[in-house]
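To keep things clear, I will list the structure first and then write my remarks on it.
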Amino acid sequence: MKQFLTFVRKEFAHVLRDRKTLLILFGMPVVQILIFGFALTSEVKNSRVLIVDNANDAASQQLLTKIEASQYFEVDRSVMSPLQMEAAFREGEIKMAIVFPANFNEDLLHQNQAHVQIVTDASDPNTATSLTNYVSSIIQDYQASLNQTLSVPLRILPETRFIYNPQLKGVYNYVPGVMALVLMLVCVMMTAVSIVREKETGTMEVLLVSPFKPVLVILSKAVPYLILSLVNVGTILLMSIFVLDLPVAGNLLLLLAESTLFIITCLTLGIFISIKTSSQQVAMLISLMGMLLPTMLFSGFMFPIENMPVPLQIISNIVPSKWYYLIVKAVMIKGLGFSAIWKETLILAGMTLFLFVISLKNFKIRLA
Amino acid sequence: MEAVVVNALSKTYGQGATRAVDNVSFAVSKGELFGLIGPDGAGKTSIFRMLTTVLLPDGGSAAVDGLDIVKDYKEIRNRVGYMPGKFSLYPDLSIEENLNFFATVFNTTVEENYDLIKDIYVQIEPFKKRRAGKLSGGMKQKLALCCALIHKPSVLFLDEPTTGVDPVSRKEFWEMLRRLKEQNITIVVSTPYMDEATLCDRIALIQNGKILSIDTPANVVASYPDTLYALRSEPMFALLQAVEHYPHTRNSYAFGEYMHASFTDGVGEDEVKNYLREQGIAAVEMKKTTPTIEDCFINKLKN
Amino acid sequence: MTETVIKTDKLTKRFGDFIATNGITFEVHKGEIFGFLGANGAGKTTAMRMLCGLSKPSSGSAQVAGFDVYKQTEQIKRNIGYMSQKFSLYEDLTVVENIRFFGGIYGLSNADIKTKSESLLAQLGMESEAKKLVGSLPLGWKQKLSFSVAVLHRPKIVFLDEPTGGVDPVTRRQFWNLIYAAAQDGITIFVTTHYMDEAEYCNRISIMVDGKIEALDTPRALKQRYNTTTMDDVFYQLARGAKRSE
């Protein structure tokens, strides 16, 4: 046991003395949260809006003038068929379309209510919500000004529809995403690289020729990164609560416990990579290309998995971060309890066990 | 009892590629300072790795302290000290931390065996807070030796400890080894520097995975088959070429300030000088000389 | 009077408070084999870098191949060759590809490269290895090839940084034969080594201790001055008192 502790102390010395890496490790979650939270917050100004005015009557004209007056929109008036409109959305030419029905004014006067269709591209949820809210408030303003002089109130009913991402996923999804990303990076890459470094410098050779159990050499490497990662989880949660006003809806202890499980999954993955490689460069490349990229692509926080082709959806299942991402979203944002995530937890635990067993099997007590 | 017994040990890397170690056998007695002398790529490191149990042999067997290198690898790892070719220290840990770390790994403390490393450690102790990465080659080498010795190993394996180290540090290092030998530690050391061979009790000359000869340095020298001459003239290059083209030359090569040459039987100083005079090289200094290990090595390589 | 190809005067390099190379003054003549010895950390590498135009001196002056080390580093680089034990050739290129590459960066014409590589391979007896990867060759061959490539563009001076470390004694001598042949052709050789017998092959040697040149003469004269029979002893007597190491 004393040997193990000495080893862990040594690992801490390695981590703490490498100032630059340390700075990156602790700075990274902060920077990522800030980037995702603010820098990527959608710029609503000058969004191109298509207006299809099938009515072309007094009421629609008045409302249009109000919308055009806003600095947020760049209005494009043209009559388009629904098909053309869809193409324009797909090409990214427009962010929003406002469609007036043919008898807008008539409906308003005779039936006391009229509909306006508002279609928004929600692939960028932040922008989509802001745009929709803005247009709705302009319509409400207009409605209020009409009703000032009337005894029977008129109602304009906006029919809002989001396309591409109807549930507006992604608004806060990046917080769980960043957590998965950071943990993946710290645990997988740093662990793998630090073990392989001992192989490269030849110290592994000396350690092998010692009574110290080689398995412990590797386990002791994992301890500092476990602690480092928990600190990172704490940082991200604090930032999310105090900077982004996104509190933890569910049980904090549950969230921490699940994070620890995911950290251990990542550590075993890092250890497995280190067993299979013999140069720091290769270890780094495998971690980046093989782990980080899939986390971004397949965990669902950047690209909705439901929209992917089926083979990719299937592949996404073997990416551990996907399951962790689901867990964090459930606990942190939806406030659900363990009963909602036991399946995901079981999958992660299973993956960890599997990685641990194949690592043990592949572990070599000799050089070649 | 023998400290190390190696019996027909072989190792091949890759499929049917070059044999790094080819049927090597030797034995090292307890308390002996045994040298594996040979250039890079001769197979020295592979032999060391097999004896320290980190590499499995393809053929043959070996025992360290009476323990089999394949079966009893765990016990061997408890007993031997090993300094691999690259000085294996943690550059970001200080001298003190490195030493304490290796002591703990080997289940001991620095205090317990301090007398063993004292002579060496006092030389680097003034810098004990300095990180190993900032030490000079000579100091790193001393620290690595301390780390390899800290658990009082019965056999010490040193793989090219003096490569790339300047002559002064090399000399100091060999003096340290001599003092360790007095403490009755068996030492197996490898080096590409032929001049270091004479400092060993016995040596094995090794090239291309094969052992050329094993004996005491004195016997290796005594078994040199020919009379060896040292020659000198200005300019040396002309002399070298002239002797090389002399039909009765067996071996000829530059050797420090002189060149060394041996000739076929019956050819002596006079014949050679006459030939050289014909070639226009008159002022030649020529004398018999005692072969060195390097001469013996060259002779074995050429035949 | 022989031509001087390297001339330094009080050449100094400071790194902060540390004086790596402390006012060294010496001359090297055309076609000379000049041994540049010193303990680890004595300042050899720093001095060599300045002479190759890779590092700017702090003070003093030096001309290499007639060019100033402060201002004319580009001309210096065009007139020298360099080979070290650590980096010499690309292991993942073939012998011929390496020759073509290094010939190319020194601006040799394709025809020139072709004739030169043929004669080079013939000289080394490596015609059958021409298409092999350099990584698959034995160390000794690599070193010989690497030297030949370093002098391919007929530089005035070639700098060799521990060229023979770890090479077997026979190959080492073949290597020195190449050096001798190059020197006969008028190429000046500037070489560092840890093998003291190799120091004897040099026309003159300098021994650096703690940043200064403590001795500079022919091997024979040095041995006489220090009253000993081996260069090893000369070196030991001089370097034993060294205060610093890398």
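The chains in the structure tokens are called A, B, ... from first to last as shown; in each chain the residues are counted from 1, and the ligands are counted from 1 in the order shown.
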Requested in this report: Excluding Val243 of chain A and residues on its chain fewer than 5 positions from it, collect all residues at most 10 Å away from it, counting only C-alpha atoms, and give them as a VMD selection string.
Outcome: chain A and resid 33 to 34 37 236 to 238
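Contact shell of segment 50-64 of chain C at 8 Å (only C-alpha atoms; same-chain neighbours under 2 positions omitted): Val5, Ile6, Lys7, Thr8, Asp9, Lys10, Leu11, Thr12, Lys13, Arg14, Gly23, Thr46, Ala47, Met48, Gly66, Phe67, Asp68, Val69, Tyr70, Thr73, Glu74, Ile76, Lys77 and Ile80 of chain C.
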Those selected residues, please, written with N, CA and C atoms and delivered as a CSV table (one decimal), in the first residue's frame.
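Printed below is part.csv as written:
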```csv
chain,number,residue,atom,x,y,z
C,5,VAL,N,40.6,28.8,-43.3
C,5,VAL,CA,39.2,28.7,-43.6
C,5,VAL,C,38.2,29.0,-42.4
C,6,ILE,N,38.8,28.8,-41.2
C,6,ILE,CA,38.0,29.3,-40.0
C,6,ILE,C,39.0,30.1,-39.2
C,7,LYS,N,38.5,31.3,-38.8
C,7,LYS,CA,39.3,32.2,-38.0
C,7,LYS,C,38.4,32.8,-37.0
C,8,THR,N,38.7,32.6,-35.7
C,8,THR,CA,37.8,33.2,-34.7
C,8,THR,C,38.7,34.1,-33.8
C,9,ASP,N,38.1,35.1,-33.3
C,9,ASP,CA,38.8,36.0,-32.4
C,9,ASP,C,37.9,36.3,-31.2
C,10,LYS,N,38.3,35.8,-30.0
C,10,LYS,CA,37.6,36.0,-28.7
C,10,LYS,C,36.1,35.8,-28.9
C,11,LEU,N,35.7,34.8,-29.6
C,11,LEU,CA,34.3,34.4,-29.9
C,11,LEU,C,33.7,34.0,-28.6
C,12,THR,N,32.5,34.7,-28.2
C,12,THR,CA,31.9,34.5,-26.9
C,12,THR,C,30.4,34.3,-27.1
C,13,LYS,N,29.8,33.4,-26.3
C,13,LYS,CA,28.3,33.3,-26.3
C,13,LYS,C,27.9,33.3,-24.9
C,14,ARG,N,27.0,34.2,-24.5
C,14,ARG,CA,26.4,34.3,-23.2
C,14,ARG,C,25.0,33.9,-23.2
C,23,GLY,N,35.4,33.5,-25.1
C,23,GLY,CA,36.5,34.1,-25.8
C,23,GLY,C,37.4,33.2,-26.4
C,46,THR,N,27.8,24.8,-28.5
C,46,THR,CA,27.5,26.2,-28.7
C,46,THR,C,28.5,26.8,-29.7
C,47,ALA,N,29.8,26.5,-29.5
C,47,ALA,CA,30.8,27.0,-30.5
C,47,ALA,C,30.5,26.6,-31.9
C,48,MET,N,30.2,25.3,-32.0
C,48,MET,CA,29.9,24.8,-33.3
C,48,MET,C,28.7,25.4,-34.0
C,66,GLY,N,35.6,32.4,-45.1
C,66,GLY,CA,35.7,33.8,-45.6
C,66,GLY,C,34.5,34.6,-45.3
C,67,PHE,N,33.5,34.1,-44.7
C,67,PHE,CA,32.2,34.8,-44.4
C,67,PHE,C,32.1,35.1,-42.9
C,68,ASP,N,31.4,36.2,-42.7
C,68,ASP,CA,31.3,36.7,-41.3
C,68,ASP,C,30.1,36.0,-40.6
C,69,VAL,N,30.3,35.5,-39.4
C,69,VAL,CA,29.2,34.7,-38.7
C,69,VAL,C,28.1,35.6,-38.2
C,70,TYR,N,28.3,36.9,-38.2
C,70,TYR,CA,27.2,37.8,-37.8
C,70,TYR,C,26.2,38.0,-39.0
C,73,THR,N,25.5,34.6,-42.7
C,73,THR,CA,25.2,33.2,-42.3
C,73,THR,C,24.7,32.4,-43.5
C,74,GLU,N,23.9,33.1,-44.4
C,74,GLU,CA,23.4,32.3,-45.5
C,74,GLU,C,24.6,31.8,-46.4
C,76,ILE,N,27.6,31.2,-45.4
C,76,ILE,CA,28.3,30.2,-44.6
C,76,ILE,C,27.6,28.8,-44.8
C,77,LYS,N,26.3,28.9,-44.7
C,77,LYS,CA,25.5,27.6,-44.8
C,77,LYS,C,25.7,26.9,-46.2
C,80,ILE,N,29.3,25.0,-46.2
C,80,ILE,CA,29.7,24.0,-45.2
C,80,ILE,C,28.8,22.8,-45.4
```
Query raised in the report: If you run DSSP on the backbone, which residues of segment 155-328 of chain A are helix (DSSP H, G or I), as a VMD selection string?
Result: chain A and resid 174 to 201 203 to 208 214 to 242 252 to 276 280 to 298 305 to 307 310 to 316 320 to 328
Report task. Give me the residues within 9 Å of Ile264 of chain A as a list in words, counting only C-alpha atoms and dropping any in the same chain fewer than 4 places off. Result -> Cys187, Ala222, Leu226, Ser259, Thr260, Thr268, Leu269 and Thr352 of chain A
Please dump the current selection as a PDB file, in the first residue's frame; keep N, CA, C and O atoms.
```pdb
ATOM      1  N   CYS A 187      -9.364  12.307 -19.214  1.00  0.00           N
ATOM      2  CA  CYS A 187      -9.171  10.935 -18.760  1.00  0.00           C
ATOM      3  C   CYS A 187      -8.542  10.058 -19.827  1.00  0.00           C
ATOM      4  O   CYS A 187      -7.567   9.375 -19.570  1.00  0.00           O
ATOM      5  N   ALA A 222      -4.004   6.357 -12.869  1.00  0.00           N
ATOM      6  CA  ALA A 222      -5.372   6.811 -13.060  1.00  0.00           C
ATOM      7  C   ALA A 222      -5.839   7.731 -11.935  1.00  0.00           C
ATOM      8  O   ALA A 222      -6.681   8.597 -12.152  1.00  0.00           O
ATOM      9  N   LEU A 226      -8.377  10.996 -12.070  1.00  0.00           N
ATOM     10  CA  LEU A 226      -9.712  10.874 -11.488  1.00  0.00           C
ATOM     11  C   LEU A 226     -10.026  12.134 -10.691  1.00  0.00           C
ATOM     12  O   LEU A 226     -11.091  12.746 -10.842  1.00  0.00           O
ATOM     13  N   SER A 259     -21.096  10.866 -12.902  1.00  0.00           N
ATOM     14  CA  SER A 259     -19.890  11.437 -13.503  1.00  0.00           C
ATOM     15  C   SER A 259     -18.676  10.594 -13.147  1.00  0.00           C
ATOM     16  O   SER A 259     -17.811  10.341 -13.978  1.00  0.00           O
ATOM     17  N   THR A 260     -18.614  10.164 -11.875  1.00  0.00           N
ATOM     18  CA  THR A 260     -17.490   9.333 -11.459  1.00  0.00           C
ATOM     19  C   THR A 260     -17.459   8.040 -12.264  1.00  0.00           C
ATOM     20  O   THR A 260     -16.402   7.595 -12.703  1.00  0.00           O
ATOM     21  N   THR A 268     -10.347   3.691 -17.995  1.00  0.00           N
ATOM     22  CA  THR A 268     -10.030   2.348 -18.494  1.00  0.00           C
ATOM     23  C   THR A 268      -9.773   2.393 -19.998  1.00  0.00           C
ATOM     24  O   THR A 268      -8.900   1.703 -20.512  1.00  0.00           O
ATOM     25  N   LEU A 269     -10.523   3.261 -20.673  1.00  0.00           N
ATOM     26  CA  LEU A 269     -10.310   3.410 -22.108  1.00  0.00           C
ATOM     27  C   LEU A 269      -8.898   3.937 -22.373  1.00  0.00           C
ATOM     28  O   LEU A 269      -8.177   3.436 -23.239  1.00  0.00           O
ATOM     29  N   THR A 352     -17.406  -0.243 -19.013  1.00  0.00           N
ATOM     30  CA  THR A 352     -16.233  -0.120 -18.155  1.00  0.00           C
ATOM     31  C   THR A 352     -15.669  -1.496 -17.819  1.00  0.00           C
ATOM     32  O   THR A 352     -14.465  -1.724 -17.933  1.00  0.00           O
TER      33      THR A 352
END
```
Requested in this report: Write down, as a PyMOL selection string, each residue of chain B that has any atom within 10 Å of an atom of chain A, counting only C-alpha atoms.
Outcome: chain B and resi 13+49-50+52-56+73-93+97-98+100-108+147-148+151
Interface list for chain B, partner chain C, 8 Å threshold, only C-alpha atoms, as a short mmCIF file (atom, residue, chain, number, x, y, z; two decimals) with all heavy atoms, in the first residue's frame:
```cif
data_model
loop_
_atom_site.label_atom_id
_atom_site.label_comp_id
_atom_site.auth_asym_id
_atom_site.auth_seq_id
_atom_site.Cartn_x
_atom_site.Cartn_y
_atom_site.Cartn_z
N GLY B 38 30.94 -4.67 -27.52
CA GLY B 38 30.56 -4.75 -28.92
C GLY B 38 29.90 -3.47 -29.37
O GLY B 38 29.43 -2.70 -28.54
N PRO B 39 29.83 -3.26 -30.69
CA PRO B 39 29.24 -2.02 -31.21
C PRO B 39 27.72 -2.02 -31.08
O PRO B 39 27.13 -3.02 -30.69
CB PRO B 39 29.64 -2.04 -32.69
CG PRO B 39 29.81 -3.49 -33.01
CD PRO B 39 30.33 -4.13 -31.77
N ASP B 40 27.11 -0.89 -31.46
CA ASP B 40 25.65 -0.80 -31.48
C ASP B 40 25.10 -1.86 -32.41
O ASP B 40 25.65 -2.12 -33.46
CB ASP B 40 25.21 0.57 -32.01
CG ASP B 40 25.42 1.66 -30.98
OD1 ASP B 40 26.00 1.35 -29.93
OD2 ASP B 40 25.01 2.80 -31.24
N GLY B 41 24.00 -2.46 -32.03
CA GLY B 41 23.37 -3.44 -32.89
C GLY B 41 23.98 -4.82 -32.77
O GLY B 41 23.63 -5.73 -33.51
N LEU B 135 20.22 17.79 -15.11
CA LEU B 135 21.55 17.33 -14.71
C LEU B 135 22.42 17.06 -15.93
O LEU B 135 21.91 16.81 -17.02
CB LEU B 135 21.43 16.05 -13.89
CG LEU B 135 20.65 16.14 -12.58
CD1 LEU B 135 20.53 14.76 -11.97
CD2 LEU B 135 21.33 17.09 -11.62
N SER B 136 23.73 17.07 -15.74
CA SER B 136 24.64 16.73 -16.82
C SER B 136 24.64 15.21 -17.02
O SER B 136 24.17 14.46 -16.17
CB SER B 136 26.05 17.17 -16.46
OG SER B 136 26.55 16.35 -15.44
N GLY B 137 25.20 14.80 -18.16
CA GLY B 137 25.24 13.37 -18.46
C GLY B 137 25.90 12.58 -17.35
O GLY B 137 25.39 11.54 -16.92
N GLY B 138 27.02 13.09 -16.83
CA GLY B 138 27.73 12.37 -15.79
C GLY B 138 26.92 12.25 -14.51
O GLY B 138 26.93 11.21 -13.85
N THR B 163 27.88 5.35 -22.62
CA THR B 163 27.75 5.85 -23.99
C THR B 163 27.40 7.34 -24.00
O THR B 163 26.51 7.77 -23.27
CB THR B 163 26.66 5.05 -24.74
OG1 THR B 163 27.11 3.71 -24.83
CG2 THR B 163 26.44 5.59 -26.13
N GLY B 164 28.13 8.09 -24.81
CA GLY B 164 27.87 9.52 -24.93
C GLY B 164 28.36 10.33 -23.75
O GLY B 164 28.07 11.52 -23.64
N VAL B 165 29.10 9.71 -22.86
CA VAL B 165 29.61 10.42 -21.70
C VAL B 165 31.09 10.74 -21.95
O VAL B 165 31.80 9.93 -22.55
CB VAL B 165 29.44 9.55 -20.43
CG1 VAL B 165 30.03 10.21 -19.22
CG2 VAL B 165 27.97 9.25 -20.20
N ASP B 166 31.55 11.89 -21.50
CA ASP B 166 32.93 12.27 -21.82
C ASP B 166 33.93 11.41 -21.06
O ASP B 166 33.60 10.79 -20.06
CB ASP B 166 33.14 13.76 -21.56
CG ASP B 166 33.11 14.08 -20.09
OD1 ASP B 166 34.04 13.67 -19.36
OD2 ASP B 166 32.16 14.75 -19.64
N PRO B 167 35.18 11.37 -21.55
CA PRO B 167 36.18 10.45 -20.97
C PRO B 167 36.41 10.61 -19.47
O PRO B 167 36.65 9.62 -18.78
CB PRO B 167 37.45 10.79 -21.75
CG PRO B 167 36.97 11.34 -23.03
CD PRO B 167 35.71 12.06 -22.72
N VAL B 168 36.31 11.83 -18.97
CA VAL B 168 36.55 12.02 -17.54
C VAL B 168 35.44 11.34 -16.73
O VAL B 168 35.71 10.58 -15.80
CB VAL B 168 36.64 13.51 -17.19
CG1 VAL B 168 36.75 13.70 -15.70
CG2 VAL B 168 37.82 14.14 -17.91
N PRO B 192 30.32 0.00 -25.84
CA PRO B 192 30.89 -0.03 -27.18
C PRO B 192 32.35 0.46 -27.17
O PRO B 192 33.01 0.42 -28.20
CB PRO B 192 30.01 0.95 -27.95
CG PRO B 192 29.55 1.92 -26.92
CD PRO B 192 29.54 1.21 -25.60
N TYR B 193 32.82 0.96 -26.03
CA TYR B 193 34.18 1.49 -25.96
C TYR B 193 35.14 0.36 -25.62
O TYR B 193 35.12 -0.16 -24.51
CB TYR B 193 34.30 2.60 -24.91
CG TYR B 193 33.46 3.81 -25.19
CD1 TYR B 193 32.25 4.00 -24.54
CD2 TYR B 193 33.88 4.78 -26.10
CE1 TYR B 193 31.47 5.12 -24.79
CE2 TYR B 193 33.11 5.90 -26.35
CZ TYR B 193 31.91 6.06 -25.69
OH TYR B 193 31.15 7.17 -25.94
N PHE B 237 48.23 9.30 -44.11
CA PHE B 237 47.29 8.70 -45.06
C PHE B 237 48.02 7.91 -46.14
O PHE B 237 47.61 6.82 -46.52
CB PHE B 237 46.41 9.79 -45.67
CG PHE B 237 45.24 9.25 -46.43
CD1 PHE B 237 44.37 8.34 -45.84
CD2 PHE B 237 45.02 9.63 -47.75
CE1 PHE B 237 43.29 7.84 -46.54
CE2 PHE B 237 43.93 9.12 -48.46
CZ PHE B 237 43.07 8.23 -47.85
N TYR B 253 45.39 -0.98 -40.24
CA TYR B 253 44.36 0.03 -39.94
C TYR B 253 44.97 1.12 -39.08
O TYR B 253 45.98 0.92 -38.40
CB TYR B 253 43.17 -0.61 -39.22
CG TYR B 253 43.57 -1.59 -38.14
CD1 TYR B 253 43.84 -1.15 -36.85
CD2 TYR B 253 43.71 -2.96 -38.42
CE1 TYR B 253 44.23 -2.04 -35.86
CE2 TYR B 253 44.10 -3.85 -37.44
CZ TYR B 253 44.35 -3.39 -36.16
OH TYR B 253 44.74 -4.25 -35.18
N ALA B 254 44.35 2.27 -39.12
CA ALA B 254 44.81 3.38 -38.30
C ALA B 254 44.59 3.04 -36.84
O ALA B 254 43.61 2.37 -36.49
CB ALA B 254 44.05 4.64 -38.67
N PHE B 255 45.49 3.47 -36.00
CA PHE B 255 45.30 3.24 -34.58
C PHE B 255 45.90 4.41 -33.82
O PHE B 255 47.07 4.43 -33.51
CB PHE B 255 45.95 1.92 -34.16
CG PHE B 255 45.37 1.38 -32.89
CD1 PHE B 255 44.35 0.45 -32.92
CD2 PHE B 255 45.83 1.83 -31.66
CE1 PHE B 255 43.80 -0.03 -31.75
CE2 PHE B 255 45.29 1.35 -30.47
CZ PHE B 255 44.26 0.41 -30.53
N GLY B 256 45.07 5.36 -33.51
CA GLY B 256 45.57 6.54 -32.81
C GLY B 256 46.64 7.22 -33.62
O GLY B 256 46.53 7.37 -34.84
N GLU B 257 47.68 7.59 -32.94
CA GLU B 257 48.77 8.31 -33.56
C GLU B 257 49.49 7.43 -34.59
O GLU B 257 50.03 7.90 -35.57
CB GLU B 257 49.73 8.72 -32.44
CG GLU B 257 50.87 9.59 -32.85
CD GLU B 257 51.84 9.80 -31.69
OE1 GLU B 257 51.66 9.19 -30.61
OE2 GLU B 257 52.79 10.56 -31.88
N GLU B 294 40.94 -3.75 -28.71
CA GLU B 294 40.41 -3.29 -29.99
C GLU B 294 41.09 -4.02 -31.15
O GLU B 294 40.43 -4.42 -32.12
CB GLU B 294 40.60 -1.77 -30.11
CG GLU B 294 39.92 -1.21 -31.33
CD GLU B 294 39.50 0.24 -31.15
OE1 GLU B 294 39.66 0.77 -30.03
OE2 GLU B 294 39.00 0.83 -32.11
N PHE B 297 39.59 -7.39 -31.34
CA PHE B 297 38.24 -7.32 -31.89
C PHE B 297 38.29 -7.19 -33.41
O PHE B 297 37.59 -7.89 -34.13
CB PHE B 297 37.49 -6.13 -31.28
CG PHE B 297 36.01 -6.20 -31.45
CD1 PHE B 297 35.21 -6.76 -30.46
CD2 PHE B 297 35.40 -5.73 -32.60
CE1 PHE B 297 33.84 -6.83 -30.62
CE2 PHE B 297 34.03 -5.80 -32.76
CZ PHE B 297 33.25 -6.37 -31.77
N ILE B 298 39.15 -6.29 -33.88
CA ILE B 298 39.27 -6.09 -35.33
C ILE B 298 39.72 -7.38 -35.99
O ILE B 298 39.19 -7.79 -37.03
CB ILE B 298 40.25 -4.95 -35.62
CG1 ILE B 298 39.65 -3.62 -35.15
CG2 ILE B 298 40.60 -4.88 -37.10
CD1 ILE B 298 40.60 -2.45 -35.21
N LEU B 301 36.88 -9.74 -36.19
CA LEU B 301 35.89 -9.31 -37.17
C LEU B 301 36.34 -9.61 -38.59
O LEU B 301 35.55 -9.97 -39.44
CB LEU B 301 35.64 -7.80 -37.05
CG LEU B 301 34.72 -7.32 -35.94
CD1 LEU B 301 34.39 -5.86 -36.16
CD2 LEU B 301 33.43 -8.13 -35.91
#
```
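Between atom CA of Gln313 of chain A and atom CA of Ile347 of chain A the separation is 16.2 Å.
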Query raised in the report: When DSSP works through the backbone of this structure, what residues of segment 17-104 of chain A end up as strand (DSSP E), shown as a VMD selection string?
Result: chain A and resid 47 to 53 73 to 77 96 to 100
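Atom pair atom CA of Leu9 of chain B / atom CA of Met194 of chain B: separated by 23.8 Å.
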Query raised in the report: With only C-alpha atoms as the atoms that count, which of B:Ala204, B:Met1, B:Ala8, B:Ile47 lies nearest to Cys296 of chain B?
Result: B:Ala204
Requested in this report: Would you list the contacts of Thr191 of chain A as a ChimeraX atom specification, taking every protein, DNA or RNA residue within 8 Å and counting only C-alpha atoms, but skipping same-chain residues closer than 6 positions in sequence?
Outcome: /A:221-222,225,267,270-271,274
**Report entry** Shell around segment 110-121 of chain A at 9 Å using only C-alpha atoms, local window under 5 positions removed, as a PyMOL selection string
**Finding:** chain A and resi 89-90+92+94-101+103-105+127-129+131-132+135-136+152-166
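Nearest to Ala182 of chain C of all the residues C:Arg204, C:Arg154, C:Lys223, C:Lys131 is C:Arg154, based on only C-alpha atoms.
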